[in-house]
file start28.txt (compact mmCIF, N, CA and C atoms)
# COMPACT_ATOMS: atom_id res chain seq x y z
N MET A 130 107.65 77.33 95.28
CA MET A 130 108.66 78.09 95.96
C MET A 130 108.02 79.37 96.50
N VAL A 131 108.35 79.73 97.72
CA VAL A 131 107.83 80.92 98.37
C VAL A 131 109.00 81.78 98.83
N ILE A 132 108.94 83.06 98.50
CA ILE A 132 109.92 84.04 98.97
C ILE A 132 109.14 85.17 99.62
N ASP A 133 109.46 85.46 100.87
CA ASP A 133 108.79 86.53 101.61
C ASP A 133 109.86 87.39 102.28
N THR A 134 109.87 88.68 101.97
CA THR A 134 110.89 89.58 102.51
C THR A 134 110.35 90.43 103.65
N LYS A 135 109.46 89.85 104.43
CA LYS A 135 108.81 90.61 105.50
C LYS A 135 109.81 91.14 106.52
N GLU A 136 110.77 90.32 106.92
CA GLU A 136 111.70 90.72 107.98
C GLU A 136 112.60 91.88 107.55
N ILE A 137 113.25 91.76 106.40
CA ILE A 137 114.15 92.83 105.95
C ILE A 137 113.36 94.08 105.58
N SER A 138 112.15 93.91 105.06
CA SER A 138 111.32 95.06 104.70
C SER A 138 110.90 95.84 105.94
N SER A 139 110.55 95.13 107.02
CA SER A 139 110.18 95.85 108.23
C SER A 139 111.39 96.53 108.86
N ARG A 140 112.57 95.97 108.71
CA ARG A 140 113.78 96.64 109.20
C ARG A 140 114.05 97.93 108.43
N ILE A 141 113.86 97.89 107.13
CA ILE A 141 114.08 99.07 106.31
C ILE A 141 113.07 100.16 106.67
N LYS A 142 111.80 99.79 106.79
CA LYS A 142 110.76 100.76 107.14
C LYS A 142 111.00 101.33 108.53
N LEU A 143 111.40 100.50 109.48
CA LEU A 143 111.71 100.97 110.83
C LEU A 143 112.93 101.91 110.80
N GLY A 144 113.89 101.61 109.95
CA GLY A 144 115.06 102.48 109.81
C GLY A 144 114.67 103.86 109.30
N TYR A 145 113.75 103.91 108.33
CA TYR A 145 113.24 105.19 107.84
C TYR A 145 112.68 106.01 109.01
N MET A 146 111.78 105.38 109.76
CA MET A 146 111.11 106.10 110.84
C MET A 146 112.08 106.51 111.95
N LEU A 147 113.00 105.62 112.29
CA LEU A 147 113.97 105.92 113.33
C LEU A 147 114.89 107.07 112.92
N ALA A 148 115.30 107.11 111.66
CA ALA A 148 116.15 108.20 111.18
C ALA A 148 115.43 109.54 111.28
N ILE A 149 114.15 109.56 110.96
CA ILE A 149 113.37 110.80 111.07
C ILE A 149 113.25 111.24 112.53
N LEU A 150 112.98 110.30 113.42
CA LEU A 150 112.85 110.65 114.84
C LEU A 150 114.17 111.16 115.42
N VAL A 151 115.27 110.50 115.09
CA VAL A 151 116.58 110.94 115.59
C VAL A 151 116.91 112.32 115.03
N LEU A 152 116.65 112.54 113.76
CA LEU A 152 116.91 113.85 113.15
C LEU A 152 116.10 114.94 113.85
N ALA A 153 114.82 114.69 114.06
CA ALA A 153 113.97 115.68 114.72
C ALA A 153 114.43 115.94 116.16
N ALA A 154 114.80 114.88 116.88
CA ALA A 154 115.26 115.04 118.26
C ALA A 154 116.56 115.84 118.34
N VAL A 155 117.51 115.54 117.45
CA VAL A 155 118.78 116.27 117.46
C VAL A 155 118.57 117.74 117.14
N ILE A 156 117.74 118.02 116.15
CA ILE A 156 117.50 119.41 115.76
C ILE A 156 116.81 120.18 116.90
N VAL A 157 115.79 119.59 117.50
CA VAL A 157 115.06 120.27 118.58
C VAL A 157 115.97 120.48 119.79
N LEU A 158 116.70 119.44 120.19
CA LEU A 158 117.56 119.57 121.36
C LEU A 158 118.70 120.56 121.11
N ASP A 159 119.25 120.58 119.91
CA ASP A 159 120.32 121.52 119.64
C ASP A 159 119.80 122.96 119.58
N LEU A 160 118.59 123.14 119.08
CA LEU A 160 118.02 124.49 119.08
C LEU A 160 117.71 124.97 120.50
N ILE A 161 117.32 124.05 121.38
CA ILE A 161 117.01 124.42 122.76
C ILE A 161 118.29 124.68 123.55
N TYR A 162 119.25 123.75 123.50
CA TYR A 162 120.44 123.84 124.35
C TYR A 162 121.65 124.46 123.67
N THR A 163 121.62 124.72 122.40
CA THR A 163 122.70 125.33 121.62
C THR A 163 124.04 124.63 121.89
N TRP A 164 124.12 123.36 121.57
CA TRP A 164 125.34 122.58 121.76
C TRP A 164 126.45 123.07 120.84
N VAL A 165 126.13 123.33 119.61
CA VAL A 165 127.13 123.73 118.62
C VAL A 165 126.71 125.09 118.06
N PRO A 166 127.63 126.04 118.01
CA PRO A 166 127.26 127.36 117.49
C PRO A 166 127.03 127.34 115.97
N LYS A 167 126.28 128.30 115.49
CA LYS A 167 126.00 128.52 114.07
C LYS A 167 125.27 127.34 113.42
N HIS A 168 124.61 126.54 114.18
CA HIS A 168 123.75 125.45 113.70
C HIS A 168 124.49 124.45 112.79
N ILE A 169 125.74 124.24 113.03
CA ILE A 169 126.51 123.29 112.21
C ILE A 169 125.98 121.87 112.40
N LEU A 170 125.60 121.51 113.61
CA LEU A 170 125.09 120.17 113.88
C LEU A 170 123.80 119.91 113.11
N GLU A 171 122.90 120.88 113.07
CA GLU A 171 121.65 120.70 112.33
C GLU A 171 121.92 120.51 110.85
N TYR A 172 122.78 121.36 110.29
CA TYR A 172 123.09 121.25 108.87
C TYR A 172 123.75 119.91 108.54
N THR A 173 124.62 119.46 109.41
CA THR A 173 125.29 118.16 109.18
C THR A 173 124.29 117.02 109.24
N CYS A 174 123.40 117.04 110.23
CA CYS A 174 122.40 115.97 110.36
C CYS A 174 121.44 115.98 109.18
N ILE A 175 121.02 117.15 108.76
CA ILE A 175 120.11 117.23 107.61
C ILE A 175 120.82 116.75 106.35
N GLY A 176 122.08 117.10 106.17
CA GLY A 176 122.84 116.63 105.01
C GLY A 176 122.98 115.11 104.99
N LEU A 177 123.29 114.52 106.16
CA LEU A 177 123.39 113.06 106.25
C LEU A 177 122.05 112.39 105.97
N PHE A 178 120.97 113.00 106.47
CA PHE A 178 119.64 112.45 106.23
C PHE A 178 119.29 112.51 104.74
N VAL A 179 119.62 113.61 104.08
CA VAL A 179 119.33 113.73 102.65
C VAL A 179 120.14 112.70 101.86
N LEU A 180 121.40 112.48 102.24
CA LEU A 180 122.21 111.45 101.56
C LEU A 180 121.63 110.06 101.77
N LEU A 181 121.17 109.76 102.99
CA LEU A 181 120.56 108.46 103.27
C LEU A 181 119.30 108.28 102.44
N GLU A 182 118.46 109.29 102.38
CA GLU A 182 117.23 109.20 101.61
C GLU A 182 117.51 109.07 100.11
N ALA A 183 118.54 109.76 99.63
CA ALA A 183 118.89 109.65 98.21
C ALA A 183 119.34 108.22 97.89
N TYR A 184 120.11 107.61 98.78
CA TYR A 184 120.54 106.23 98.58
C TYR A 184 119.34 105.29 98.57
N LEU A 185 118.45 105.44 99.54
CA LEU A 185 117.28 104.57 99.62
C LEU A 185 116.33 104.81 98.45
N PHE A 186 116.25 106.05 97.97
CA PHE A 186 115.43 106.35 96.80
C PHE A 186 116.02 105.70 95.55
N ALA A 187 117.35 105.70 95.45
CA ALA A 187 118.00 105.08 94.29
C ALA A 187 117.80 103.56 94.30
N LYS A 188 117.81 102.95 95.47
CA LYS A 188 117.60 101.50 95.57
C LYS A 188 116.15 101.10 95.29
N LYS A 189 115.20 101.99 95.64
CA LYS A 189 113.77 101.76 95.43
C LYS A 189 113.32 100.39 95.97
N PHE A 190 113.47 100.23 97.28
CA PHE A 190 113.14 98.98 97.93
C PHE A 190 111.64 98.70 97.87
N ASN A 191 111.28 97.44 97.67
CA ASN A 191 109.91 96.96 97.70
C ASN A 191 109.83 95.76 98.64
N TYR A 192 108.70 95.65 99.34
CA TYR A 192 108.39 94.40 100.03
C TYR A 192 107.95 93.43 98.95
N ILE A 193 108.52 92.23 98.93
CA ILE A 193 108.24 91.24 97.89
C ILE A 193 107.70 89.96 98.54
N TYR A 194 106.58 89.48 97.99
CA TYR A 194 106.07 88.14 98.32
C TYR A 194 105.88 87.41 97.00
N TYR A 195 106.59 86.30 96.85
CA TYR A 195 106.54 85.51 95.62
C TYR A 195 106.13 84.09 95.98
N ASN A 196 105.14 83.54 95.23
CA ASN A 196 104.68 82.18 95.47
C ASN A 196 104.35 81.55 94.12
N SER A 197 104.95 80.40 93.85
CA SER A 197 104.69 79.70 92.60
C SER A 197 104.26 78.26 92.84
N ASP A 198 103.68 77.99 94.00
CA ASP A 198 103.35 76.62 94.35
C ASP A 198 102.05 76.12 93.74
N GLY A 199 101.08 76.98 93.48
CA GLY A 199 99.78 76.56 92.96
C GLY A 199 99.72 76.59 91.44
N PHE A 200 98.54 76.85 90.92
CA PHE A 200 98.33 76.94 89.48
C PHE A 200 98.71 78.31 88.94
N LYS A 201 98.91 79.26 89.87
CA LYS A 201 99.24 80.62 89.48
C LYS A 201 100.57 81.04 90.09
N ILE A 202 101.20 81.99 89.44
CA ILE A 202 102.37 82.66 89.99
C ILE A 202 101.83 83.91 90.67
N ILE A 203 102.10 84.05 91.96
CA ILE A 203 101.61 85.21 92.72
C ILE A 203 102.82 86.05 93.11
N LEU A 204 102.76 87.33 92.76
CA LEU A 204 103.82 88.27 93.11
C LEU A 204 103.16 89.52 93.70
N LYS A 205 103.37 89.71 95.01
CA LYS A 205 102.85 90.90 95.68
C LYS A 205 104.04 91.80 95.99
N TYR A 206 103.85 93.09 95.79
CA TYR A 206 104.92 94.03 96.13
C TYR A 206 104.34 95.36 96.58
N THR A 207 105.04 95.96 97.53
CA THR A 207 104.65 97.25 98.10
C THR A 207 105.90 98.09 98.25
N SER A 208 105.84 99.33 97.84
CA SER A 208 107.00 100.21 97.96
C SER A 208 107.25 100.55 99.42
N LEU A 209 108.53 100.60 99.80
CA LEU A 209 108.90 100.94 101.16
C LEU A 209 109.34 102.40 101.29
N GLY A 210 109.19 103.17 100.24
CA GLY A 210 109.59 104.57 100.26
C GLY A 210 108.70 105.41 101.16
N LEU A 211 109.20 106.57 101.54
CA LEU A 211 108.45 107.44 102.44
C LEU A 211 107.19 108.01 101.82
N PHE A 212 107.28 108.48 100.59
CA PHE A 212 106.16 109.17 99.98
C PHE A 212 105.46 108.36 98.90
N SER A 213 105.59 107.06 98.94
CA SER A 213 104.92 106.22 97.96
C SER A 213 103.94 105.30 98.68
N ALA A 214 102.88 105.01 97.99
CA ALA A 214 101.84 104.16 98.59
C ALA A 214 101.32 103.20 97.53
N GLY A 215 100.64 102.20 97.99
CA GLY A 215 100.02 101.26 97.07
C GLY A 215 100.52 99.85 97.27
N ASN A 216 99.60 98.93 97.23
CA ASN A 216 99.91 97.51 97.27
C ASN A 216 99.55 96.95 95.90
N PHE A 217 100.47 96.21 95.33
CA PHE A 217 100.24 95.67 93.99
C PHE A 217 100.35 94.15 94.05
N LYS A 218 99.56 93.50 93.21
CA LYS A 218 99.55 92.04 93.20
C LYS A 218 99.38 91.57 91.77
N LEU A 219 100.26 90.65 91.36
CA LEU A 219 100.15 90.01 90.06
C LEU A 219 99.81 88.55 90.28
N GLU A 220 98.76 88.10 89.62
CA GLU A 220 98.40 86.68 89.62
C GLU A 220 98.41 86.23 88.18
N ILE A 221 99.40 85.43 87.85
CA ILE A 221 99.59 85.00 86.47
C ILE A 221 99.40 83.49 86.39
N PRO A 222 98.46 83.00 85.59
CA PRO A 222 98.36 81.55 85.39
C PRO A 222 99.67 81.03 84.78
N LYS A 223 100.12 79.90 85.27
CA LYS A 223 101.40 79.36 84.79
C LYS A 223 101.39 79.08 83.30
N LYS A 224 100.22 78.74 82.75
CA LYS A 224 100.16 78.43 81.32
C LYS A 224 100.32 79.68 80.46
N ASP A 225 100.06 80.87 81.04
CA ASP A 225 100.17 82.12 80.28
C ASP A 225 101.53 82.81 80.47
N PHE A 226 102.36 82.31 81.35
CA PHE A 226 103.66 82.93 81.60
C PHE A 226 104.59 82.71 80.41
N VAL A 227 105.19 83.78 79.90
CA VAL A 227 106.07 83.70 78.74
C VAL A 227 107.53 83.79 79.13
N GLY A 228 107.88 84.76 79.98
CA GLY A 228 109.28 84.92 80.35
C GLY A 228 109.50 86.02 81.36
N ILE A 229 110.75 86.13 81.78
CA ILE A 229 111.16 87.15 82.74
C ILE A 229 112.52 87.68 82.33
N GLU A 230 112.73 88.93 82.60
CA GLU A 230 113.98 89.58 82.23
C GLU A 230 114.48 90.39 83.42
N LEU A 231 115.77 90.30 83.73
CA LEU A 231 116.37 91.04 84.83
C LEU A 231 117.11 92.24 84.27
N GLU A 232 116.79 93.43 84.78
CA GLU A 232 117.45 94.66 84.35
C GLU A 232 118.16 95.27 85.55
N LYS A 233 119.34 95.82 85.31
CA LYS A 233 120.06 96.54 86.36
C LYS A 233 120.20 97.99 85.91
N SER A 234 119.97 98.90 86.85
CA SER A 234 120.08 100.31 86.53
C SER A 234 120.69 101.06 87.71
N HIS A 235 120.92 102.35 87.53
CA HIS A 235 121.53 103.21 88.54
C HIS A 235 122.86 102.61 89.02
N MET A 236 123.75 102.38 88.07
CA MET A 236 125.09 101.84 88.34
C MET A 236 125.02 100.48 89.04
N GLY A 237 124.04 99.67 88.71
CA GLY A 237 123.91 98.34 89.28
C GLY A 237 123.29 98.32 90.66
N MET A 238 122.86 99.48 91.16
CA MET A 238 122.28 99.52 92.51
C MET A 238 120.86 98.98 92.53
N ARG A 239 120.09 99.23 91.48
CA ARG A 239 118.68 98.82 91.44
C ARG A 239 118.52 97.64 90.49
N LYS A 240 117.89 96.59 90.98
CA LYS A 240 117.60 95.42 90.17
C LYS A 240 116.09 95.38 89.92
N MET A 241 115.72 95.26 88.66
CA MET A 241 114.32 95.26 88.28
C MET A 241 114.03 94.00 87.46
N VAL A 242 112.83 93.44 87.64
CA VAL A 242 112.41 92.33 86.80
C VAL A 242 111.23 92.79 85.95
N VAL A 243 111.23 92.32 84.71
CA VAL A 243 110.13 92.59 83.78
C VAL A 243 109.52 91.23 83.43
N ILE A 244 108.21 91.12 83.60
CA ILE A 244 107.52 89.85 83.38
C ILE A 244 106.69 89.95 82.10
N TYR A 245 106.77 88.91 81.27
CA TYR A 245 106.01 88.85 80.03
C TYR A 245 104.95 87.75 80.15
N VAL A 246 103.73 88.09 79.71
CA VAL A 246 102.58 87.18 79.84
C VAL A 246 101.85 87.11 78.51
N ARG A 247 101.35 85.93 78.19
CA ARG A 247 100.56 85.72 76.97
C ARG A 247 99.13 86.18 77.23
N THR A 248 98.60 87.00 76.31
CA THR A 248 97.22 87.47 76.39
C THR A 248 96.53 87.15 75.07
N PRO A 249 95.22 87.31 74.97
CA PRO A 249 94.54 87.07 73.69
C PRO A 249 95.01 88.01 72.58
N ASN A 250 95.53 89.18 72.93
CA ASN A 250 95.99 90.15 71.94
C ASN A 250 97.48 90.04 71.65
N GLY A 251 98.17 89.10 72.24
CA GLY A 251 99.61 88.94 72.04
C GLY A 251 100.32 88.85 73.38
N THR A 252 101.57 89.24 73.38
CA THR A 252 102.38 89.18 74.60
C THR A 252 102.33 90.54 75.30
N ALA A 253 102.04 90.51 76.61
CA ALA A 253 101.99 91.74 77.41
C ALA A 253 103.25 91.82 78.27
N LYS A 254 103.70 93.05 78.47
CA LYS A 254 104.88 93.31 79.27
C LYS A 254 104.45 94.13 80.48
N PHE A 255 104.69 93.61 81.69
CA PHE A 255 104.37 94.35 82.91
C PHE A 255 105.44 95.39 83.16
N LYS A 256 105.08 96.43 83.90
CA LYS A 256 106.07 97.45 84.23
C LYS A 256 107.14 96.83 85.13
N PRO A 257 108.37 97.36 85.08
CA PRO A 257 109.45 96.78 85.89
C PRO A 257 109.15 96.85 87.38
N ILE A 258 109.53 95.80 88.09
CA ILE A 258 109.33 95.69 89.53
C ILE A 258 110.70 95.62 90.18
N SER A 259 110.96 96.50 91.12
CA SER A 259 112.24 96.53 91.81
C SER A 259 112.34 95.35 92.78
N VAL A 260 113.40 94.58 92.64
CA VAL A 260 113.66 93.45 93.54
C VAL A 260 114.99 93.64 94.25
N SER A 261 115.36 94.89 94.52
CA SER A 261 116.64 95.21 95.16
C SER A 261 116.73 94.67 96.58
N VAL A 262 115.59 94.45 97.22
CA VAL A 262 115.60 93.97 98.59
C VAL A 262 115.98 92.49 98.68
N LEU A 263 115.84 91.76 97.58
CA LEU A 263 116.17 90.33 97.59
C LEU A 263 117.68 90.11 97.65
N SER A 264 118.09 89.09 98.39
CA SER A 264 119.50 88.73 98.40
C SER A 264 119.83 88.04 97.07
N GLU A 265 121.11 87.88 96.80
CA GLU A 265 121.53 87.24 95.54
C GLU A 265 120.97 85.83 95.42
N ASN A 266 120.98 85.07 96.53
CA ASN A 266 120.47 83.70 96.50
C ASN A 266 118.96 83.68 96.23
N GLU A 267 118.21 84.57 96.89
CA GLU A 267 116.77 84.61 96.67
C GLU A 267 116.45 85.02 95.24
N LEU A 268 117.19 85.98 94.72
CA LEU A 268 116.97 86.43 93.35
C LEU A 268 117.28 85.32 92.35
N GLN A 269 118.38 84.61 92.54
CA GLN A 269 118.73 83.51 91.65
C GLN A 269 117.70 82.38 91.73
N ASP A 270 117.21 82.09 92.95
CA ASP A 270 116.19 81.06 93.11
C ASP A 270 114.90 81.44 92.39
N MET A 271 114.48 82.70 92.53
CA MET A 271 113.26 83.15 91.88
C MET A 271 113.41 83.13 90.36
N MET A 272 114.56 83.61 89.87
CA MET A 272 114.79 83.64 88.42
C MET A 272 114.83 82.22 87.85
N SER A 273 115.50 81.29 88.52
CA SER A 273 115.58 79.92 88.01
C SER A 273 114.22 79.23 88.08
N ASP A 274 113.44 79.54 89.13
CA ASP A 274 112.10 78.97 89.23
C ASP A 274 111.21 79.47 88.09
N LEU A 275 111.29 80.75 87.79
CA LEU A 275 110.48 81.30 86.70
C LEU A 275 110.99 80.85 85.34
N GLU A 276 112.30 80.68 85.20
CA GLU A 276 112.84 80.18 83.93
C GLU A 276 112.37 78.75 83.67
N SER A 277 112.18 77.96 84.73
CA SER A 277 111.72 76.58 84.55
C SER A 277 110.25 76.54 84.11
N LEU A 278 109.50 77.62 84.38
CA LEU A 278 108.08 77.68 83.99
C LEU A 278 107.88 78.24 82.59
N LYS A 279 108.94 78.72 81.98
CA LYS A 279 108.85 79.36 80.67
C LYS A 279 108.38 78.38 79.63
N ARG A 280 107.55 78.88 78.69
CA ARG A 280 107.07 78.03 77.59
C ARG A 280 107.49 78.60 76.29

call {"tool": "encode", "arguments": {"input": "start28.txt", "output": "C-alpha cells"}}
result
Amino acid sequence: MVIDTKEISSRIKLGYMLAILVLAAVIVLDLIYTWVPKHILEYTCIGLFVLLEAYLFAKKFNYIYYNSDGFKIILKYTSLGLFSAGNFKLEIPKKDFVGIELEKSHMGMRKMVVIYVRTPNGTAKFKPISVSVLSENELQDMMSDLESLKR
C-alpha cells in the first residue's frame, strides 16, 4: 500500500506563502495610500494572519509518504511549518515491526502515530509523527495495513 500526500502538502505550503505575500502587499499598499485611518486594516490583517498561523501550528502538518509494498515499511515525513526544517525517513523491516498507536491531542485537532519496533535491546518507541494531513480514509487504511503486519 502506498500513501503520498504530495498534492495536499503542496497546497498547504503554497497557502503559507500566499498568505505572507498578501499580508505584505496589503500592509505596504495601505501604508502608501492610507486607505483606512489609524492603521486598522494592518492590525486586522496581522491579527488574522496570527490566527491562521496558530491554527496551522496546532495542526502541525507533515508531508507523508508511506509504502509497505516491499520487505520494509517506509515512512517519509517533512514538516510543512514555516520555521521548521528537516526530512525524516523511517525504514523498518516488517519482521521487526511490533505495533502502532494513534494519539489525538490539542482537542482532537492533531493526530499522531507512535510506532514500536523490535530491537536487540528490547522494544523501541519512535517519537510521535503528526499525520493530521491524512484524510480519515487514508488514516484508516494505513492503520489497518500496519495492524495486519503486527506480530

call {"tool": "closest_residue", "arguments": {"input": "start28.txt", "among": "A:His168, A:Lys201, A:Lys189, A:Lys279", "to": "Val227 of chain A", "atoms": "only N, CA and C atoms"}}
result
A:Lys279

call {"tool": "select_by_dssp", "arguments": {"input": "start28.txt", "residues": "chain A", "states": "strand (DSSP E)", "output": "JSON list (two decimals) with N, CA and C atoms, in the coordinates of the input"}}
result
[["chain", "number", "residue", "atom", "x", "y", "z"],
["A", 131, "VAL", "N", 108.35, 79.73, 97.72],
["A", 131, "VAL", "CA", 107.83, 80.92, 98.37],
["A", 131, "VAL", "C", 109.00, 81.78, 98.83],
["A", 132, "ILE", "N", 108.94, 83.06, 98.50],
["A", 132, "ILE", "CA", 109.92, 84.04, 98.97],
["A", 132, "ILE", "C", 109.14, 85.17, 99.62],
["A", 133, "ASP", "N", 109.46, 85.46, 100.87],
["A", 133, "ASP", "CA", 108.79, 86.53, 101.61],
["A", 133, "ASP", "C", 109.86, 87.39, 102.28],
["A", 191, "ASN", "N", 111.28, 97.44, 97.67],
["A", 191, "ASN", "CA", 109.91, 96.96, 97.70],
["A", 191, "ASN", "C", 109.83, 95.76, 98.64],
["A", 192, "TYR", "N", 108.70, 95.65, 99.34],
["A", 192, "TYR", "CA", 108.39, 94.40, 100.03],
["A", 192, "TYR", "C", 107.95, 93.43, 98.95],
["A", 193, "ILE", "N", 108.52, 92.23, 98.93],
["A", 193, "ILE", "CA", 108.24, 91.24, 97.89],
["A", 193, "ILE", "C", 107.70, 89.96, 98.54],
["A", 194, "TYR", "N", 106.58, 89.48, 97.99],
["A", 194, "TYR", "CA", 106.07, 88.14, 98.32],
["A", 194, "TYR", "C", 105.88, 87.41, 97.00],
["A", 195, "TYR", "N", 106.59, 86.30, 96.85],
["A", 195, "TYR", "CA", 106.54, 85.51, 95.62],
["A", 195, "TYR", "C", 106.13, 84.09, 95.98],
["A", 196, "ASN", "N", 105.14, 83.54, 95.23],
["A", 196, "ASN", "CA", 104.68, 82.18, 95.47],
["A", 196, "ASN", "C", 104.35, 81.55, 94.12],
["A", 201, "LYS", "N", 98.91, 79.26, 89.87],
["A", 201, "LYS", "CA", 99.24, 80.62, 89.48],
["A", 201, "LYS", "C", 100.57, 81.04, 90.09],
["A", 202, "ILE", "N", 101.20, 81.99, 89.44],
["A", 202, "ILE", "CA", 102.37, 82.66, 89.99],
["A", 202, "ILE", "C", 101.83, 83.91, 90.67],
["A", 203, "ILE", "N", 102.10, 84.05, 91.96],
["A", 203, "ILE", "CA", 101.61, 85.21, 92.72],
["A", 203, "ILE", "C", 102.82, 86.05, 93.11],
["A", 204, "LEU", "N", 102.76, 87.33, 92.76],
["A", 204, "LEU", "CA", 103.82, 88.27, 93.11],
["A", 204, "LEU", "C", 103.16, 89.52, 93.70],
["A", 205, "LYS", "N", 103.37, 89.71, 95.01],
["A", 205, "LYS", "CA", 102.85, 90.90, 95.68],
["A", 205, "LYS", "C", 104.04, 91.80, 95.99],
["A", 206, "TYR", "N", 103.85, 93.09, 95.79],
["A", 206, "TYR", "CA", 104.92, 94.03, 96.13],
["A", 206, "TYR", "C", 104.34, 95.36, 96.58],
["A", 207, "THR", "N", 105.04, 95.96, 97.53],
["A", 207, "THR", "CA", 104.65, 97.25, 98.10],
["A", 207, "THR", "C", 105.90, 98.09, 98.25],
["A", 208, "SER", "N", 105.84, 99.33, 97.84],
["A", 208, "SER", "CA", 107.00, 100.21, 97.96],
["A", 208, "SER", "C", 107.25, 100.55, 99.42],
["A", 216, "ASN", "N", 99.60, 98.93, 97.23],
["A", 216, "ASN", "CA", 99.91, 97.51, 97.27],
["A", 216, "ASN", "C", 99.55, 96.95, 95.90],
["A", 217, "PHE", "N", 100.47, 96.21, 95.33],
["A", 217, "PHE", "CA", 100.24, 95.67, 93.99],
["A", 217, "PHE", "C", 100.35, 94.15, 94.05],
["A", 218, "LYS", "N", 99.56, 93.50, 93.21],
["A", 218, "LYS", "CA", 99.55, 92.04, 93.20],
["A", 218, "LYS", "C", 99.38, 91.57, 91.77],
["A", 219, "LEU", "N", 100.26, 90.65, 91.36],
["A", 219, "LEU", "CA", 100.15, 90.01, 90.06],
["A", 219, "LEU", "C", 99.81, 88.55, 90.28],
["A", 220, "GLU", "N", 98.76, 88.10, 89.62],
["A", 220, "GLU", "CA", 98.40, 86.68, 89.62],
["A", 220, "GLU", "C", 98.41, 86.23, 88.18],
["A", 221, "ILE", "N", 99.40, 85.43, 87.85],
["A", 221, "ILE", "CA", 99.59, 85.00, 86.47],
["A", 221, "ILE", "C", 99.40, 83.49, 86.39],
["A", 222, "PRO", "N", 98.46, 83.00, 85.59],
["A", 222, "PRO", "CA", 98.36, 81.55, 85.39],
["A", 222, "PRO", "C", 99.67, 81.03, 84.78],
["A", 226, "PHE", "N", 102.36, 82.31, 81.35],
["A", 226, "PHE", "CA", 103.66, 82.93, 81.60],
["A", 226, "PHE", "C", 104.59, 82.71, 80.41],
["A", 227, "VAL", "N", 105.19, 83.78, 79.90],
["A", 227, "VAL", "CA", 106.07, 83.70, 78.74],
["A", 227, "VAL", "C", 107.53, 83.79, 79.13],
["A", 228, "GLY", "N", 107.88, 84.76, 79.98],
["A", 228, "GLY", "CA", 109.28, 84.92, 80.35],
["A", 228, "GLY", "C", 109.50, 86.02, 81.36],
["A", 229, "ILE", "N", 110.75, 86.13, 81.78],
["A", 229, "ILE", "CA", 111.16, 87.15, 82.74],
["A", 229, "ILE", "C", 112.52, 87.68, 82.33],
["A", 230, "GLU", "N", 112.73, 88.93, 82.60],
["A", 230, "GLU", "CA", 113.98, 89.58, 82.23],
["A", 230, "GLU", "C", 114.48, 90.39, 83.42],
["A", 231, "LEU", "N", 115.77, 90.30, 83.73],
["A", 231, "LEU", "CA", 116.37, 91.04, 84.83],
["A", 231, "LEU", "C", 117.11, 92.24, 84.27],
["A", 232, "GLU", "N", 116.79, 93.43, 84.78],
["A", 232, "GLU", "CA", 117.45, 94.66, 84.35],
["A", 232, "GLU", "C", 118.16, 95.27, 85.55],
["A", 233, "LYS", "N", 119.34, 95.82, 85.31],
["A", 233, "LYS", "CA", 120.06, 96.54, 86.36],
["A", 233, "LYS", "C", 120.20, 97.99, 85.91],
["A", 234, "SER", "N", 119.97, 98.90, 86.85],
["A", 234, "SER", "CA", 120.08, 100.31, 86.53],
["A", 234, "SER", "C", 120.69, 101.06, 87.71],
["A", 239, "ARG", "N", 120.09, 99.23, 91.48],
["A", 239, "ARG", "CA", 118.68, 98.82, 91.44],
["A", 239, "ARG", "C", 118.52, 97.64, 90.49],
["A", 240, "LYS", "N", 117.89, 96.59, 90.98],
["A", 240, "LYS", "CA", 117.60, 95.42, 90.17],
["A", 240, "LYS", "C", 116.09, 95.38, 89.92],
["A", 241, "MET", "N", 115.72, 95.26, 88.66],
["A", 241, "MET", "CA", 114.32, 95.26, 88.28],
["A", 241, "MET", "C", 114.03, 94.00, 87.46],
["A", 242, "VAL", "N", 112.83, 93.44, 87.64],
["A", 242, "VAL", "CA", 112.41, 92.33, 86.80],
["A", 242, "VAL", "C", 111.23, 92.79, 85.95],
["A", 243, "VAL", "N", 111.23, 92.32, 84.71],
["A", 243, "VAL", "CA", 110.13, 92.59, 83.78],
["A", 243, "VAL", "C", 109.52, 91.23, 83.43],
["A", 244, "ILE", "N", 108.21, 91.12, 83.60],
["A", 244, "ILE", "CA", 107.52, 89.85, 83.38],
["A", 244, "ILE", "C", 106.69, 89.95, 82.10],
["A", 245, "TYR", "N", 106.77, 88.91, 81.27],
["A", 245, "TYR", "CA", 106.01, 88.85, 80.03],
["A", 245, "TYR", "C", 104.95, 87.75, 80.15],
["A", 246, "VAL", "N", 103.73, 88.09, 79.71],
["A", 246, "VAL", "CA", 102.58, 87.18, 79.84],
["A", 246, "VAL", "C", 101.85, 87.11, 78.51],
["A", 247, "ARG", "N", 101.35, 85.93, 78.19],
["A", 247, "ARG", "CA", 100.56, 85.72, 76.97],
["A", 247, "ARG", "C", 99.13, 86.18, 77.23],
["A", 248, "THR", "N", 98.60, 87.00, 76.31],
["A", 248, "THR", "CA", 97.22, 87.47, 76.39],
["A", 248, "THR", "C", 96.53, 87.15, 75.07],
["A", 251, "GLY", "N", 98.17, 89.10, 72.24],
["A", 251, "GLY", "CA", 99.61, 88.94, 72.04],
["A", 251, "GLY", "C", 100.32, 88.85, 73.38],
["A", 252, "THR", "N", 101.57, 89.24, 73.38],
["A", 252, "THR", "CA", 102.38, 89.18, 74.60],
["A", 252, "THR", "C", 102.33, 90.54, 75.30],
["A", 253, "ALA", "N", 102.04, 90.51, 76.61],
["A", 253, "ALA", "CA", 101.99, 91.74, 77.41],
["A", 253, "ALA", "C", 103.25, 91.82, 78.27],
["A", 254, "LYS", "N", 103.70, 93.05, 78.47],
["A", 254, "LYS", "CA", 104.88, 93.31, 79.27],
["A", 254, "LYS", "C", 104.45, 94.13, 80.48],
["A", 258, "ILE", "N", 109.53, 95.80, 88.09],
["A", 258, "ILE", "CA", 109.33, 95.69, 89.53],
["A", 258, "ILE", "C", 110.70, 95.62, 90.18],
["A", 259, "SER", "N", 110.96, 96.50, 91.12],
["A", 259, "SER", "CA", 112.24, 96.53, 91.81],
["A", 259, "SER", "C", 112.34, 95.35, 92.78]]

call {"tool": "atom_distance", "arguments": {"input": "start28.txt", "atom1": "atom CA of Ile175 of chain A", "atom2": "atom CA of Lys135 of chain A"}}
result
29.0 Å

call {"tool": "closest_residue", "arguments": {"input": "start28.txt", "among": "A:Ala153, A:Ala148, A:Ile229, A:Ala253", "to": "Asp274 of chain A", "atoms": "only C-alpha atoms"}}
result
A:Ile229
